[in-house]
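*Asks:* This structure is in C-alpha cells; I'll ask about it shortly.
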Amino acid sequence: MNSGEQDARKTMSSQAPLTLPKRHYLNADYGVRSWLLTTDHKRIAVLYLVSVTAMFFLGGAYAVIIRLNLLEPTGSLVTAETYNKLFTAHGVLMVFFFMIPAIPAVLGNFLLPLMLGARDLAFPRINLLSWYVYVVGAAFTMYAVVAGGLDTGWTFYTPYSTAFSNTNVIAAGVGIFITGFSSILTGLNFIVTIHTMRAPGLTWFRLPLFVWAHYATSLIQILGTPVVAITILLVAMERAFHFGFFDPARGGDPILFQHLFWFYSHPAVYIMILPAMGVISELVTCFSRKKVFGYGFIAISSLAIAGLSFMVWAHHMFVTGLSVYAAMIFSALSFLVAIPSAIKVFNWVATLYRGSISWQTPMLYAFGFIGLFTIGGLTGLFLATLGLDVHVTDTYFIVAHFHYIMVGGTIMGYLGGLHYWWPKITGRLYPEWWARVSAVVVFIGFNLTFFPQFILGYLGMPRRYHVYPPEFQVLNVMSSAGASILGVGYLIPMVYLAWSMRYGKVAPSNPFQSTGLEWRTTSPPPTENFAETPIIDEEVYDYASPPKEARSV
Amino acid sequence: MPTGFPLFPEQASTLASEVDGLYLYLVAVTFVFSVGIAAVLVYFAIRYRRRSESYRPEEIHGSLLLEVVWSVIPLGLCVVMFVWGAQVFFHMNRPPDDAMTVTVVGKRWMWKVQHPTGQREINELHVPVGKPVKIMLTSEDVIHSFFIPAFRMKKDAIPGRYNVVWFEPTKAGTYHLFCAEYCGTEHSKMIGRVVVLEPDAYQMWLAGGPVPVSPAAAGERLFTERNCATCHRADSGARGPVLGGIFGKRIALQNGETVMADEAYIRESILSPAARIVAGYQPIMPPYQGQLTEEQLLQLIAYIQSLSPPPAGTAPASPTPSPGAAQ
C-alpha cells in the first residue's frame, strides 16, 4: 500500500463526501462498441443484467394476462388458444431466459473473479460469446412467440409437440437449443476459473459459499444441458422429417421423451436454486457480522444436491404407468435431496444466533428466502411421496410448489443479491427506505398469489386450464389479487435502482463491512479488478477481526 | 359437485381417506417445520438485532452434533413418508380381482367410456357404490390424464399403451372428471362427470337405453369380420396359435424368451405381429397397424380374454396368442 492510498483511506474515514474512483470499469471506455466488444466480465455481467431484466418483465407481462384471465371461471379475457400460448411463453421465457441465467450470468459473472482475486474469468472471449449465443437464442424464441406463438407448454410433451401442435415448435426449440450452449459456456468458464485462478492462499475451503454454489451449478450446466439439446433435436427431427422417436403412431415411445426431458429439466431446477442459495449464504453471514455456521456442511451440501439432482427425474412421471418398483426407487432418492437442503436452512438460521443482525434490505430478502424456500422444499416432499403425488401432480399444487422454489426462492435470492452488490456494480447506494418497502410488498404479494394455489391444487384444479369450475373462483381471485401486489413489488425496485444509477449516494468500497474479497477493491472496481493480486492469509468470513478496506487503486 | 368456497375436496372412494391421512401427516410436518423455523428466525433477528456498529460477535464455527441431529430427524420423518406413501401407491396400483373393467379412451377433447356390459358414454361415467371398478385406459392421439379428485385418483392415458387404475366409490353423488395432462386447445374442456349411483339405481341405469352389445361380443363379431378365425381356429394344427385360455398366461416365444399374454402383448401382436413370435409359428400374419380403432382393439382383447381354454388333449404344448394372431 503506498502513501497515496493511505491518504485516500484517511479522507474516507474523516466523513468527507465520497466520490467515485477516477477510473473504474464503467468509465474505462465509452460508446456502444466498447460495450458490445468488451471482454470484461463485469461489463458482460451488465449486458446480461439488461437482457435478463427485459426477459423477466416480458415473462411477467404474460403472467399478468394469465392471472387476469383466471379472474373469471369462464376465462373470458382471451381465447383458449391464446391462453395456451400465454402460459407457454411465460414458462419458456422465465425458465430458459430468466431463471437459468439470472444469478450465474449476472451476479456470478460479475463476482466470481472478484471473489477469487482474479482479473477476469479464464476465457473472457468465450464469456462474451456466451452472451451473444444467449441473445441469438432469445431472438429465435421471441420470433417463435411473436410469429404465431407456441402452445406446447414449456415441457414440450410428445406426441403433442411433434405430431399435433400447429405452432412454432421448431423455431422455439432452436432458440432453446442455442441458448443451452450459452449456459454450457458459462458453466465451463466458471469451473476452469475456480480451479485455476484462485489468488495465492485462497484454498478451496476459504472460498465463499457463493463460489461453491456456482461450482455445483456449473457442473450441472455442463453435464445436463447437452441432454436437453439432444432431446430438442430429436423433437425437431420427428416434427420436420417424421422420424419415429416419440410418436407411437410411428413406432416411437412418448414416455422416452419425458425421461430425456426430465433428466435435464429436474437438474435444471437446481441450476436455478443453487446460485440463490449461494447468495443467501453470503447475505446471512454478512448481515449477522458472523462467520457462517457449518461452512463445510453448506459447501458440501451444494455438491450433494448437484449429484442427487441427476437421480430423481422420474418423480415427474409417477402417474405415467412407471413400474411401481422404479417409482419406489425414484421416490426414495427424491427424499434424499431434502437432507442437504434442510442442512442449509438450519445452518443459515444457526448463523443468526448471537450475531449482530442488520435489517437492511438484502437481509430482508434473505429472511424471505429462508421462509419461502422452507415451504417450497417441504411441499416438495408431498410430491416425492408416491401415494400423495398421484392426487396432486399436474394440479395447481405443483404450480404453487415450484413457484415457491423459483419465485420465492430464486427471485428473492436474486433481488437480495442485486441489492447487496448494487453499490459494487454501480458505485451508488440504493435508497434504503424504498428498498425495504418493496421487499415487504414482494413478500406479501408473493404469498397471496401462490398460497391459495396449494389449496386449489389439493381441491383438484388441474394446471393449464383456461376455464375452470366455478367453485374454484374465490381462490383464483385471491391469487390474481396477490399477483397485482407482486407486480408492484417488482416495479418499485426497477424504478429506484434505475434512479440510483445517477442520483444515488456514492457508495464506499465496503458499505456493509463485509469480509469478502470483492469489497476490498473500489466501488465500482477498476477494469483489472485489483491493483495487485491479493494474497489471502485469513480464513473465510473472518468477521471477528476488524474489517479491511479497499487496498487497490 | 361442490359449490361455494370449498377448502378441502370431498372424499368419495376407499382410497380418498388413505391419501388424506398421508396428506395430513405431511401438512403437519410442513406446519411444524415452517412455523418453527420462522419463529426461531424472527426471534434471533429481534433478539440479536444490531445495537452497535462496532460490536463484533464471537465466532462460532459450527457443531457436528447439531448437523447430525438436523440431518437425522428430517431423514427419519422422510422414511415414514416414503414407506407410508409407497404402501398407498401399491394399493392404488393393485386392483382387486373382483373389480369390473371399464375401458376409457381419451381423444381430443373427450373421454369415451365403455362398460363391460356394453353401455357407452362420453364424458360421463356411471358406477355403483361399493363395487371396485378397474379402468383400462388408453388414448387415440396425445397423452391425457384421467383424474377424479374426489377419488384421489389419476393416471395418464397414453397412446399405444394400456394403463390401469381402480377405485371403489363410497358415496353416491356426482363428481368432477378432469383431463390433467395438457393436450391442446380445449384441454380445460376435456372434463366430464362421474355419477356414483346406489346399486339399485345403477341397475336401473344399466337397464335403460338401447340393448347394448358387450365389448366381448363386439370383439367376437370383429374376429369373424376381419377373418381372424381363419388362422386362429379352436383346434391345433392351424396356421396361428389357438387363443382360448391364453390370456394372463406366460407364452414361450420363438427366440426362447417368454412373455405375459396381457393386454399390451395382444395389442402388439395384432398391430405388429412380427415383433414377438410365438414358438412354433411362422411370422405370416399381416400387421393391422392403422386398421383398427382403439375401441376395436379393446373389444378384440375383451373377446380373447373371454375365450375358454380348448378341451384337454387338443391344446398345443404352449398356449399361444399372436404372430398368426388375427388372420
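By order of appearance in the C-alpha cells: chains A, B, ..., then residues from 1 within every chain, and ligands from 1 in the order shown.
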Which residues of chain B are close to chain A, meaning at most 7 Å apart when you count only C-alpha atoms, and how do they look as a ChimeraX atom specification?

*Replies:* /B:2-5,7-9,19,22-23,26,30,34,38,41,44-45,48-50,56-63,70-71,74-75,78,81-82,85-86,88-89,142,149,152-156,159-160,163,180-183,185-188

*Asks:* Measuring atom to atom with only C-alpha atoms, identify which of B:Leu298, B:Ile246, B:Ile251, B:Ile135 is nearest to Pro310 in chain B.

*Replies:*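 The shortest atom-to-atom distance to Pro310 in chain B comes from B:Ile246.
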
*Asks:* Could you pull the residues within 6 Å of range 205-219 of chain A, counting only C-alpha atoms, minus those fewer than 4 positions along the same chain, as an MDAnalysis selection string?

*Replies:* chainID A and resid 187 271 274:275 278:279 299 302:303 306 539:540

*Asks:* Please, what distance in Å, to one decimal, runs between CA of Lys22 in chain A and CA of Pro524 in chain A?

*Replies:*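 Separation between CA of Lys22 in chain A and CA of Pro524 in chain A: 10.1 Å.
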
*Asks:* Write out as a list of chain:residue names which residues come within 6 Å of Gly244 in chain B when counting only C-alpha atoms, dropping same-chain ones fewer than 5 positions away.

*Replies:*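 Neighbouring residues, sequence-local ones excluded: B:Leu307, B:Ser308, B:Pro309, B:Pro310.
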
*Asks:* Considering only alpha helix (DSSP H) as DSSP defines it on the backbone, what residues of range 159-320 of chain A qualify? List them as number ranges by chain.

*Replies:* A: 169-196, 209-241, 254-288, 295-309

*Asks:* Write out as a PDB file with C-alpha atoms, in the first residue's frame which residues come within 10 Å of range 36-51 of chain A when counting only C-alpha atoms, dropping same-chain ones fewer than 2 positions away.

*Replies:*
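The result, written out as around03.pdb:
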```pdb
ATOM      1  CA  TYR A  25     -14.752  -0.401 -15.344  1.00  0.00           C
ATOM      2  CA  LEU A  26     -17.771   1.708 -16.266  1.00  0.00           C
ATOM      3  CA  ASP A  29     -14.167   3.312 -22.230  1.00  0.00           C
ATOM      4  CA  GLY A  31     -19.590   4.084 -26.700  1.00  0.00           C
ATOM      5  CA  VAL A  32     -21.687   1.175 -27.878  1.00  0.00           C
ATOM      6  CA  ARG A  33     -18.660  -0.578 -29.360  1.00  0.00           C
ATOM      7  CA  SER A  34     -16.878  -0.585 -26.026  1.00  0.00           C
ATOM      8  CA  THR A  53     -34.334  -7.970 -16.870  1.00  0.00           C
ATOM      9  CA  ALA A  54     -36.068  -7.457 -20.227  1.00  0.00           C
ATOM     10  CA  MET A  55     -36.975 -11.159 -20.322  1.00  0.00           C
ATOM     11  CA  PHE A  56     -38.220 -11.046 -16.736  1.00  0.00           C
ATOM     12  CA  PHE A  97     -34.160 -16.937 -20.455  1.00  0.00           C
ATOM     13  CA  PHE A  98     -34.503 -15.597 -16.920  1.00  0.00           C
ATOM     14  CA  PRO A 101     -29.071 -17.329 -16.488  1.00  0.00           C
ATOM     15  CA  ALA A 102     -30.188 -14.740 -13.902  1.00  0.00           C
ATOM     16  CA  ILE A 103     -27.889 -15.326 -10.953  1.00  0.00           C
ATOM     17  CA  PRO A 104     -24.958 -17.131 -12.616  1.00  0.00           C
ATOM     18  CA  ALA A 105     -24.708 -14.887 -15.677  1.00  0.00           C
ATOM     19  CA  VAL A 106     -25.282 -11.588 -13.871  1.00  0.00           C
ATOM     20  CA  LEU A 107     -24.051 -11.903 -10.285  1.00  0.00           C
ATOM     21  CA  GLY A 108     -21.808 -14.908 -10.935  1.00  0.00           C
ATOM     22  CA  ASN A 109     -20.144 -13.265 -13.897  1.00  0.00           C
ATOM     23  CA  PHE A 110     -19.586 -10.056 -12.010  1.00  0.00           C
ATOM     24  CA  LEU A 111     -18.419 -11.588  -8.751  1.00  0.00           C
ATOM     25  CA  LEU A 112     -16.540 -14.827  -9.357  1.00  0.00           C
ATOM     26  CA  PRO A 113     -13.272 -13.206 -10.497  1.00  0.00           C
ATOM     27  CA  LEU A 114     -13.570 -10.602  -7.735  1.00  0.00           C
ATOM     28  CA  ARG A 119      -8.574 -10.184 -13.127  1.00  0.00           C
ATOM     29  CA  ASP A 120     -11.223 -11.890 -15.206  1.00  0.00           C
ATOM     30  CA  LEU A 121     -12.709 -15.288 -15.963  1.00  0.00           C
ATOM     31  CA  PHE A 123     -11.880 -17.360 -21.022  1.00  0.00           C
ATOM     32  CA  PRO A 124     -13.012 -13.743 -21.349  1.00  0.00           C
ATOM     33  CA  ARG A 125     -13.874 -14.020 -25.051  1.00  0.00           C
ATOM     34  CA  ILE A 126     -15.877 -17.204 -24.526  1.00  0.00           C
ATOM     35  CA  ASN A 127     -17.688 -15.245 -21.847  1.00  0.00           C
ATOM     36  CA  LEU A 128     -18.661 -12.586 -24.379  1.00  0.00           C
ATOM     37  CA  LEU A 129     -19.570 -15.327 -26.865  1.00  0.00           C
ATOM     38  CA  SER A 130     -21.946 -16.839 -24.301  1.00  0.00           C
ATOM     39  CA  TRP A 131     -23.861 -13.552 -24.176  1.00  0.00           C
ATOM     40  CA  TYR A 132     -24.152 -13.393 -27.966  1.00  0.00           C
ATOM     41  CA  TYR A 134     -27.897 -16.162 -25.455  1.00  0.00           C
ATOM     42  CA  VAL A 135     -29.125 -13.183 -27.475  1.00  0.00           C
ATOM     43  CA  ALA A 138     -33.581 -15.416 -27.313  1.00  0.00           C
ATOM     44  CA  LEU A 418     -28.700  -7.465  -6.591  1.00  0.00           C
ATOM     45  CA  ILE A 425     -21.720  -2.830  -9.527  1.00  0.00           C
ATOM     46  CA  THR A 426     -22.736   0.829  -9.904  1.00  0.00           C
ATOM     47  CA  PRO A 524     -17.117   0.226  -8.908  1.00  0.00           C
ATOM     48  CA  PRO A 525     -13.930  -1.829  -9.383  1.00  0.00           C
ATOM     49  CA  PRO A 526     -11.301  -0.931 -11.963  1.00  0.00           C
ATOM     50  CA  THR A 527     -11.218  -2.973 -15.169  1.00  0.00           C
ATOM     51  CA  GLU A 528      -8.380  -5.104 -13.810  1.00  0.00           C
ATOM     52  CA  ASN A 529     -10.295  -5.629 -10.533  1.00  0.00           C
TER      53      ASN A 529
END
```
